[in-house]
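The structure appears right after this line, and notes come after that.
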Amino acid sequence: MPFNTALTRKLGIRIPVVQGGMQWVGYAEMASAVSNAGGLGILTALTQPTPEDLRKEIQRCKTMTQYPFGVNLTLLPAMVPPDYGAYAQVVLDEGIRIVETAGNSPGPIIKKLKEANPPCVILHKCTTIRHAMSAVKLGVDFLSIDGFECAGHVGETDITNFILLSRARQTMPVPFIASGGFADGQGLAAALSLGAEGINMGTRFMCTVESPIHHNIKQAIVEAQETDTELVLRRWKNTSRLFKNKVTDEATRIERESTTGKFEEVAPFVSGKRGRQVFLNGDKDFGVWTAGQVIGLIHDIPTCEDLLSRIEREAIETLSKASSLIVDKQPEPDIRGKPIGDIKSDPRSDHDKKVPGEAQIYDIGKAKL
Ligand SMILES: Cc1cc2nc3c(=O)[nH]c(=O)nc-3n(C[C@H](O)[C@H](O)[C@H](O)COP(=O)(O)O)c2cc1C
């Protein structure tokens with residue numbers, strides 16, 4: 001049964017689930033598998049060393065799916081920044097019209113993508129309402145609201161999706177999707193209930209059959225709990241959520257104890273090159289690699305087809321169950337023979353045991369206060 005949201009209509013997809021850009025994961029195998037399964041797959045531009053390599057990867061992806069897919073362009077501060085304009089030009093030349101943007105100062109790139117004929121649909125990822133507002137002014141079509149739970153760059157405000165999504169619903173004049181912490185259909189249903197038009201997932205897609213990374217890393221995700229991520233680089237206002245391992249422990253120790261505060265001290269530990277090797281050699285402690293708190297909800301390694309069918313089924317069941325909670329007539333109380341509102345009828349209540357003068361709210365008076 002197809003979904004009908006602003007996202008599915010605009011992108012021509014069946015299930016309102018986007019696979020977010022993922023460095024060293026977002027290759028054609030990944031993106032095409034998600035698009036073939038009814039979601040939106042996304043290639044990660046900077047996973048390709050040059051714009052011409054991106055062109056080849058887009059062409060390869062076209063041979064692997066007949067469904068829409070997009071390209072992620074992540075603009076991060078660098079000593080020698082990549083030629084973002086050239087990457088964007090390849091995207092346009094190859095006829096791609098769905099782009100996920102992320103990072104700093106995306107204005108010029110978004111302008112270029114919007115001036116194309118036909119213009120690109122832009123999904124812009126942001127971790128604060130302030131940044132989301134700036135992106136709206138740049139003319140983006142969808143905001144991808146990335147909560148503090150998310151993998152990778154979490155921003156510096158630490159606001160989780162329960163607040164962030166509702167703030168987006170209350171304030172944003174353009175549609176948004178929910179990103180960070182999603183792995184199942186219950187999550188999709190929750191996001192739709194909070195006003196989102198769909199969800200964006202990274203870590204969950206990393207742990208699928210088609211994800212082009214070493215099996216050991218997928219297994220490490222399956223075995224991990226929600227507490228197994230670590231925030232690094234806060235001191236330099238570039239906070240990233242990574243899988244907790246020996247290297248992140250060492251990096252955070254240096255970050256905490258360094259008297260100079262020089263980034264050079266921590267740089268060798270957070271090197272992207274070593275992180276890339278992790279995905280190839282399967283040694284989870286070889287370098288740092290990105291993962292979100294959602295690792296605690298991931299218990300298997302399905303195909304993208306199985307995963308998205310399951311998410312679709314669970315979301316439909318959850319939304320139907322939610323609507324069945326509204327009834328014409330209030331049912332009989334479970335505690336028979338006692339009128340509703342009689343506090344003594346609830347066997348778990350000890351309100352009647354309170355002594356006069358003691359706080360009557362949630363046992364505050366009996367606790368440490
Ligand atoms: C391995 C990995 C690499 C990522 N690389 C990028 C990236 O290069 N650019 C980007 O915008 N987001 C990147 N992300 C973030 C995802 O696109 C997505 O926003 C995030 O994973 C959502 O949180 P979740 O993992 O809880 O689903 C990455 C995520 C992972 C897991």
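Chain identifiers are assigned as A, B, and so on, following the order in which chains appear in the structure tokens; residues are numbered from 1 within each chain, and ligands are numbered from 1 in order of appearance.
Using only C-alpha atoms, the protein and nucleic acid residues lying no more than 12 Å from Gln277 of chain A, apart from those fewer than 5 places from it along its own chain, are Trp24, Val25, Ile213, His214, Ile217, Ser271, Gly272, Gly282, Asp283, Lys284, Asp285, Phe286, Gly287, Val288 and Trp289 of chain A.
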Those residues you just picked out, can you put them in a file as a PDB file, in the first residue's frame with C-alpha atoms?
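Final output, saved to selection33.pdb:
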ATOM      1  CA  TRP A  24      32.615   5.513   2.265  1.00  0.00           C
ATOM      2  CA  VAL A  25      29.214   3.769   2.249  1.00  0.00           C
ATOM      3  CA  ILE A 213      31.239  -2.434   4.038  1.00  0.00           C
ATOM      4  CA  HIS A 214      32.910  -5.368   5.808  1.00  0.00           C
ATOM      5  CA  ILE A 217      31.323  -3.925  11.073  1.00  0.00           C
ATOM      6  CA  SER A 271      41.682  10.596  10.458  1.00  0.00           C
ATOM      7  CA  GLY A 272      39.123   9.781   7.787  1.00  0.00           C
ATOM      8  CA  GLY A 282      36.541  -5.151   9.294  1.00  0.00           C
ATOM      9  CA  ASP A 283      38.611  -4.208  12.352  1.00  0.00           C
ATOM     10  CA  LYS A 284      36.258  -2.000  14.374  1.00  0.00           C
ATOM     11  CA  ASP A 285      39.171  -0.601  16.425  1.00  0.00           C
ATOM     12  CA  PHE A 286      41.378   0.376  13.463  1.00  0.00           C
ATOM     13  CA  GLY A 287      40.100   3.968  13.292  1.00  0.00           C
ATOM     14  CA  VAL A 288      37.059   6.141  13.953  1.00  0.00           C
ATOM     15  CA  TRP A 289      33.806   5.478  12.128  1.00  0.00           C
TER      16      TRP A 289
END
(request) Check segment 189-352 of chain A with DSSP on the backbone and list each residue it calls strand (DSSP E or B), as JSON, numbers by chain. (result) {"A": [199, 200, 201, 229, 230, 231, 232, 240, 241, 242, 243, 290]}
(request) Within 12 Å of His215 of chain A, counting only C-alpha atoms, which residues show up once you throw out same-chain ones fewer than 6 positions away? Write them as a ChimeraX atom specification, please. (result) /A:206-209,221-222,278-284,300-301
(request) Could you check which of A:Phe269, A:Trp236, A:Phe148, A:Tyr87 is closest to ligand 1, using only C-alpha atoms and all ligand atoms? (result)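 Looking at the shortest contact to ligand 1, the residue is A:Phe148.
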(message) Can you tell me which residues surround Gln225 of chain A at a distance of at most 8 Å, considering only C-alpha atoms, apart from same-chain residues fewer than 3 positions away, and format the answer as a ChimeraX atom specification?
(response) /A:228,293,295-297
(message) Just to confirm, what's the straight-line distance from atom CA of Leu188 of chain A to atom CA of Thr239 of chain A in Å (one decimal)?
(response)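 Going from atom CA of Leu188 of chain A over to atom CA of Thr239 of chain A covers 26.2 Å.
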(request) Considering only C-alpha atoms, return as a ChimeraX atom specification whatever protein or nucleic-acid residues lie within 9 Å of Leu143 of chain A, sequence-local ones (same chain, fewer than 2 positions apart) excluded. (result) /A:122-126,132,135-136,140-141,145,168,172,174-178
Write a file of the just-selected residues containing C-alpha atoms, as a PDB file, in the first residue's frame.
ATOM      1  CA  ILE A 122      16.942  20.021  -2.455  1.00  0.00           C
ATOM      2  CA  LEU A 123      16.802  18.224   0.862  1.00  0.00           C
ATOM      3  CA  HIS A 124      18.968  20.171   3.281  1.00  0.00           C
ATOM      4  CA  LYS A 125      20.182  18.559   6.483  1.00  0.00           C
ATOM      5  CA  CYS A 126      20.343  20.699   9.632  1.00  0.00           C
ATOM      6  CA  ALA A 132      16.839  25.365   9.054  1.00  0.00           C
ATOM      7  CA  ALA A 135      18.113  27.066   4.473  1.00  0.00           C
ATOM      8  CA  VAL A 136      14.477  27.998   3.885  1.00  0.00           C
ATOM      9  CA  VAL A 140      15.329  24.383  -0.248  1.00  0.00           C
ATOM     10  CA  ASP A 141      12.372  22.073  -0.844  1.00  0.00           C
ATOM     11  CA  ILE A 145      15.957  17.670  10.614  1.00  0.00           C
ATOM     12  CA  ALA A 168      10.110  22.283  12.974  1.00  0.00           C
ATOM     13  CA  MET A 172       8.942  25.792   9.373  1.00  0.00           C
ATOM     14  CA  VAL A 174       8.494  24.150   4.166  1.00  0.00           C
ATOM     15  CA  PRO A 175       8.005  20.383   4.619  1.00  0.00           C
ATOM     16  CA  PHE A 176      10.559  18.425   6.607  1.00  0.00           C
ATOM     17  CA  ILE A 177      11.711  14.869   7.146  1.00  0.00           C
ATOM     18  CA  ALA A 178      13.001  13.409  10.404  1.00  0.00           C
TER      19      ALA A 178
END
(request) Show which residues sit within 9 Å of Gly12 of chain A, as a ChimeraX atom specification. Count only C-alpha atoms, and ignore same-chain residues fewer than 5 positions away. (result) /A:7,67-68
Would you mind exporting C-alpha atoms of the selected residues as a tab-separated table (two decimals), in the first residue's frame?
chain	number	residue	atom	x	y	z
A	7	LEU	CA	7.99	13.52	0.13
A	67	TYR	CA	13.99	4.41	-9.92
A	68	PRO	CA	14.93	7.91	-8.76
(request) Check segment 151-343 of chain A with DSSP on the backbone and list each residue it calls helix (DSSP H, G or I), as a ChimeraX atom specification. (result) /A:161-171,185-193,203-206,215-223,234-236,246-257,263-270,272-281,293-297,304-324,343
(message) Considering only C-alpha atoms, can you say which of A:Gly38, A:Pro331, A:Pro16, A:Pro81 comes closest to Ala196 of chain A?
(response) A:Pro16
(request) Write out as a PyMOL selection string which residues come within 6 Å of Val71 of chain A when counting only C-alpha atoms, dropping same-chain ones fewer than 5 positions away. (result) chain A and resi 42-44+99
Emit the selected residues as a PDB file, in the first residue's frame, including N, CA and C atoms.
ATOM      1  N   ILE A  42      20.778   7.442  -2.042  1.00  0.00           N
ATOM      2  CA  ILE A  42      21.601   8.642  -2.285  1.00  0.00           C
ATOM      3  C   ILE A  42      23.076   8.265  -2.387  1.00  0.00           C
ATOM      4  N   LEU A  43      23.698   8.694  -3.482  1.00  0.00           N
ATOM      5  CA  LEU A  43      25.155   8.533  -3.626  1.00  0.00           C
ATOM      6  C   LEU A  43      25.845   9.654  -2.868  1.00  0.00           C
ATOM      7  N   THR A  44      27.007   9.377  -2.293  1.00  0.00           N
ATOM      8  CA  THR A  44      27.731  10.419  -1.564  1.00  0.00           C
ATOM      9  C   THR A  44      28.856  10.938  -2.453  1.00  0.00           C
ATOM     10  N   VAL A  99      18.999  16.376  -4.744  1.00  0.00           N
ATOM     11  CA  VAL A  99      20.292  16.553  -4.076  1.00  0.00           C
ATOM     12  C   VAL A  99      20.067  16.761  -2.579  1.00  0.00           C
TER      13      VAL A  99
END
(request) Rank A:Ala151, A:Ala116, A:Val294, A:Ala6 by their smallest atom-to-atom distance to Val232 of chain A, using only C-alpha atoms, and report the top residue only. (result)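 Result for the nearest residue to Val232 of chain A: A:Ala151.
Each of A:His299, A:Arg276, A:Arg204, A:Lys10 was checked against ligand 1 using only C-alpha atoms and all ligand atoms; the smallest atom-to-atom distance is that of A:Arg204.
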